[in-house]
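For reference, the structure is listed below as structure tokens.
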Amino acid sequence: MAREHGGGSPKPHHYIEAKRKRLTYIFMVSSLCVLFYILGVWQGKTPSVANKFQRLNNNDDNSNNINDGKIKCTNNASPEVSKLGTNSPSTGIANLDFESHHQLAMNDTDDAAVKEFPPCDMSLSEYTPCQDPRRGRKFDRYMLKYRERHCPSKDELIQCLIPPPPKYKTPFKWPQSRDYAWYDNIPHKELSIEKAIQNWIQVEGDRFRFPGGGTMFPRGADAYIDDINNLIPLTTGKIRTAIDTGCGVASWGAYLLKRDIISMSFAPRDTHEAQVQFALERGVPAMIGIMASQRLPYPARAFDMAHCSRCLIPWNKYDGLYLMEVDRVLRPGGYWILSGPPIRWKKYWRGWERTQEDLKQEQDSIESVAKKLCWNKVIEQGDLSIWQKPINHIECIKSKKTYPTPHICKSDNTDAAWYKDMESCIAPLPEVSSSDEVAGGALEKWPERAHALPPRISSNTVPGISAEKYREDNDLWKDRVAYYKKIVPPLPQGRYRNVMDMNAYLGGFAAAMIKYPVWVMNVVPANSNTDTLGVVYERGFIGVYHDWCEAFSSYPRTYDLIHAAGVFSIYQDRCDITYILLEMDRLLRPEGTVIFRDTVEVLVKIQAITKRMKWKSHIADHESGPFNPEKILVAVKTYWTGGDTQQNS
């Protein structure tokens, strides 16, 4: 007889029915959740305002068209920009509103949180906080220290918006901007009078024209650069980064660009009024700076070529200190080009109003310092003299037995350059194993150099950055910039020229932007845990060290697009972010754009402050989707001028 198994009996019918009901209930609830999610996304989407940006871009095109030899421009703000706000995103991607969920404490009072910042007085229209001539007069004139950075104290900081000139117009688009700028944007005729014979700049009706002339290149910068190219190779891709000391209106840098060479041009804010401002208005990289007592804010081994064309820097003084600083920032094998006094003094000494003896002594002194730096004089021909830095220090170290001074610096941190005094010694180069090896590693030619593995990373000299991490960062920024094209539709249309990356890291953003007609000022925060600016230069880009608790070394209204990824998470505990945003407003041109990337909490705080600055903005999801805690805030500075302000007042 078969045995009965009580546990193996069939399951009751009511149990199976209950299980079926539970599954049906779970399925219905899940379906409703999916349905309501899709409905919410659909309702959150608004029509793309890519068309609005297109109309805005068309307005720019109309303003820059040349008809009958005249360039027409409208002064009115584009109504499309005024439509861009928290309730009208600039993309088909849903506009996200987190304000009701993220009410954060502000630095200001509740009343101030809703009150717009007032416009500054028109006398501050060209205010440069850390290069204010009035403040500079209080400092030592020795070595021109009074023209270095001297930033306002906390009590001197201002909470107002720098006003554009009353008739400010949208600048010309590149490449037309290389040759033209509106007079109303920079109403200074001084250089056109003072440098009339040298063809720096000319006034033609309502605009400036830049003929490309210079003190030492009366035939124009293009012909002058051709003369240099006959002596050293400028078009092979080997030379990519350059520095122009005492740049004037940066015509040398402007004409190098068509040869795929990008120059960091700098000049002080001095009697040559607004020369750096003219350079940036032309769409040419430039910043306020001076050879004085402190190092230039660039890393060691940054530039393939350095240039001085009658730059008035006393190279022979202070035991050759300034040539040692050029040596520090010059790459192994890099060139230094000098034209103007004292080169070819036998021909020009009368015009320079100096004695032959004085000029000969100056040139002899420069030659002596260059020799002690182990530089090789390549050639002196016509108005040009060119030296080359050695590719390593093997022979230089041996020569110190003959030329003991200047000695090789003992400090290994040759990149340190933020408020650091110059040193009267030769910056050491990385060690090599043979005399034909390039110290620090050889670079690929441009444009391969932009994406090739930088030597600083391949040699493991940047802590925490591996070759794999570098490649991942490159891929990441390709995707992000592709996403930005949806958020900022005019990006590929030439609306932007001068771009700043406030937290450049490895330069991935700049690398992803090379397909567009822009240049990027890559800023590496001076307080970063990892110094990556040397990597940026090895990739063939330019940049600078900076602390965003202070004002940047530039004039107002000099950038079209500012990129700020993670900047405010870095600085929110170090200084009041209100002043960082006010500084961004100072740097940004009317109708310029800012892209912020940060956590929701930080972005909500930023957005609240930008509303008080007359900016229009919206928050969008991360490119990877809504579940990423990092979000993107796109903001546009509205158009207004000092004249509008006075009328409203």
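All residue names refer to the structure tokens as shown: chains lettered A, B, ... in order, residues numbered from 1 in each chain, ligands numbered from 1 in order.
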
Counting only C-alpha atoms, what are the residues of segment 288-349 of chain A within 6 Å of segment 265-282 of chain A, and for each of them which pair of atoms is the nearest and at what distance in Å, to one decimal? Sort the table by chain and rising number, as a Markdown table.
| residue | atom | partner | partner_atom | distance |
| --- | --- | --- | --- | --- |
| A:Ile288 | CA | A:Pro268 | CA | 5.3 |
| A:Gly289 | CA | A:Pro268 | CA | 4.9 |
| A:Ile290 | CA | A:Pro268 | CA | 5.2 |

Determine, using only C-alpha atoms, which residues of segment 327-391 of chain A have any atom at most 9 Å from an atom of segment 421-431 of chain A, and tabulate each with its shortest atom pair and distance in Å to one decimal place, rows ordered by chain and then rising number, as JSON lines.
{"residue": "A:Asp327", "atom": "CA", "partner": "A:Ala427", "partner_atom": "CA", "distance": 7.4}
{"residue": "A:Arg328", "atom": "CA", "partner": "A:Ala427", "partner_atom": "CA", "distance": 5.4}
{"residue": "A:Val329", "atom": "CA", "partner": "A:Ala427", "partner_atom": "CA", "distance": 9.0}
{"residue": "A:Pro332", "atom": "CA", "partner": "A:Leu429", "partner_atom": "CA", "distance": 8.1}
{"residue": "A:Leu373", "atom": "CA", "partner": "A:Ile426", "partner_atom": "CA", "distance": 6.9}
{"residue": "A:Ile391", "atom": "CA", "partner": "A:Leu429", "partner_atom": "CA", "distance": 8.9}

Could you give me the residues within segment 353-520 of chain A that DSSP places in helix (DSSP H, G or I), as a PyMOL selection string? chain A and resi 356-372+394-399+448-450+455-458+467-487+491-493+508-512

Got time to write the residues from that selection, C-alpha atoms, as a tab-separated table (two decimals), in the first residue's frame?
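The new file again_39.tsv reads:
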chain	number	residue	atom	x	y	z
A	356	GLN	CA	75.92	103.64	-28.66
A	357	GLU	CA	77.92	102.77	-25.57
A	358	ASP	CA	74.79	102.31	-23.46
A	359	LEU	CA	73.11	100.06	-26.03
A	360	LYS	CA	76.23	97.98	-26.61
A	361	GLN	CA	76.62	97.45	-22.89
A	362	GLU	CA	72.97	96.34	-22.63
A	363	GLN	CA	73.33	93.81	-25.44
A	364	ASP	CA	76.60	92.49	-24.02
A	365	SER	CA	74.88	92.00	-20.67
A	366	ILE	CA	71.96	90.10	-22.25
A	367	GLU	CA	74.37	87.90	-24.21
A	368	SER	CA	76.29	87.14	-21.02
A	369	VAL	CA	73.18	86.14	-19.03
A	370	ALA	CA	71.91	83.97	-21.91
A	371	LYS	CA	75.24	82.17	-22.00
A	372	LYS	CA	75.13	81.54	-18.24
A	394	ILE	CA	73.58	67.70	-18.64
A	395	GLU	CA	76.02	70.12	-20.25
A	396	CYS	CA	74.70	73.07	-18.25
A	397	ILE	CA	75.57	71.42	-14.96
A	398	LYS	CA	79.10	70.82	-16.24
A	399	SER	CA	79.39	74.47	-17.34
A	448	GLU	CA	47.98	65.24	-32.13
A	449	ARG	CA	49.39	66.87	-29.00
A	450	ALA	CA	45.90	67.86	-27.81
A	455	PRO	CA	54.65	63.40	-20.43
A	456	ARG	CA	53.84	64.57	-16.90
A	457	ILE	CA	51.20	61.84	-16.69
A	458	SER	CA	53.17	59.12	-18.48
A	467	ALA	CA	46.99	57.20	-18.22
A	468	GLU	CA	43.65	55.44	-17.89
A	469	LYS	CA	42.17	58.25	-15.82
A	470	TYR	CA	43.39	60.79	-18.38
A	471	ARG	CA	41.72	58.92	-21.25
A	472	GLU	CA	38.51	58.55	-19.26
A	473	ASP	CA	38.51	62.30	-18.61
A	474	ASN	CA	38.91	62.97	-22.35
A	475	ASP	CA	35.94	60.74	-23.18
A	476	LEU	CA	33.89	62.29	-20.39
A	477	TRP	CA	34.33	65.81	-21.73
A	478	LYS	CA	33.56	64.80	-25.29
A	479	ASP	CA	30.18	63.60	-24.05
A	480	ARG	CA	29.64	66.66	-21.88
A	481	VAL	CA	30.40	69.18	-24.62
A	482	ALA	CA	28.11	67.24	-26.98
A	483	TYR	CA	25.39	67.66	-24.32
A	484	TYR	CA	26.19	71.37	-23.98
A	485	LYS	CA	25.30	71.78	-27.65
A	486	LYS	CA	21.71	70.95	-26.66
A	487	ILE	CA	21.73	73.26	-23.66
A	491	LEU	CA	27.84	76.97	-29.23
A	492	PRO	CA	28.71	75.65	-32.71
A	493	GLN	CA	27.48	78.78	-34.49
A	508	GLY	CA	39.43	68.08	-21.13
A	509	PHE	CA	36.83	70.80	-21.69
A	510	ALA	CA	39.28	72.83	-23.83
A	511	ALA	CA	40.23	69.72	-25.81
A	512	ALA	CA	36.58	68.99	-26.58

Selection near segment 516-533 of chain A, 7 Å with only C-alpha atoms, sequence-local residues under 3 positions removed, as an MDAnalysis selection string: chainID A and resid 299 418 463 492 494 496:507 510 513 536:537 542:547

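The nearest approach to Gly220 of chain A among the residues A:Phe541, A:Trp200, A:Trp352, A:Tyr180, with only C-alpha atoms taken into account, belongs to A:Trp200.
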
Segment 570-572 of chain A surroundings by only C-alpha atoms, 9 Å radius, close-in-sequence under 3 positions cut, as a count of residues only: 10

Can you check which residues of segment 159-336 of chain A DSSP gives as strand (DSSP E or B) on the backbone and send them as a PyMOL selection string? chain A and resi 161+180-182+202-204+207-209+214+217+241-245+262-267+286-288+294+303-309+330-336
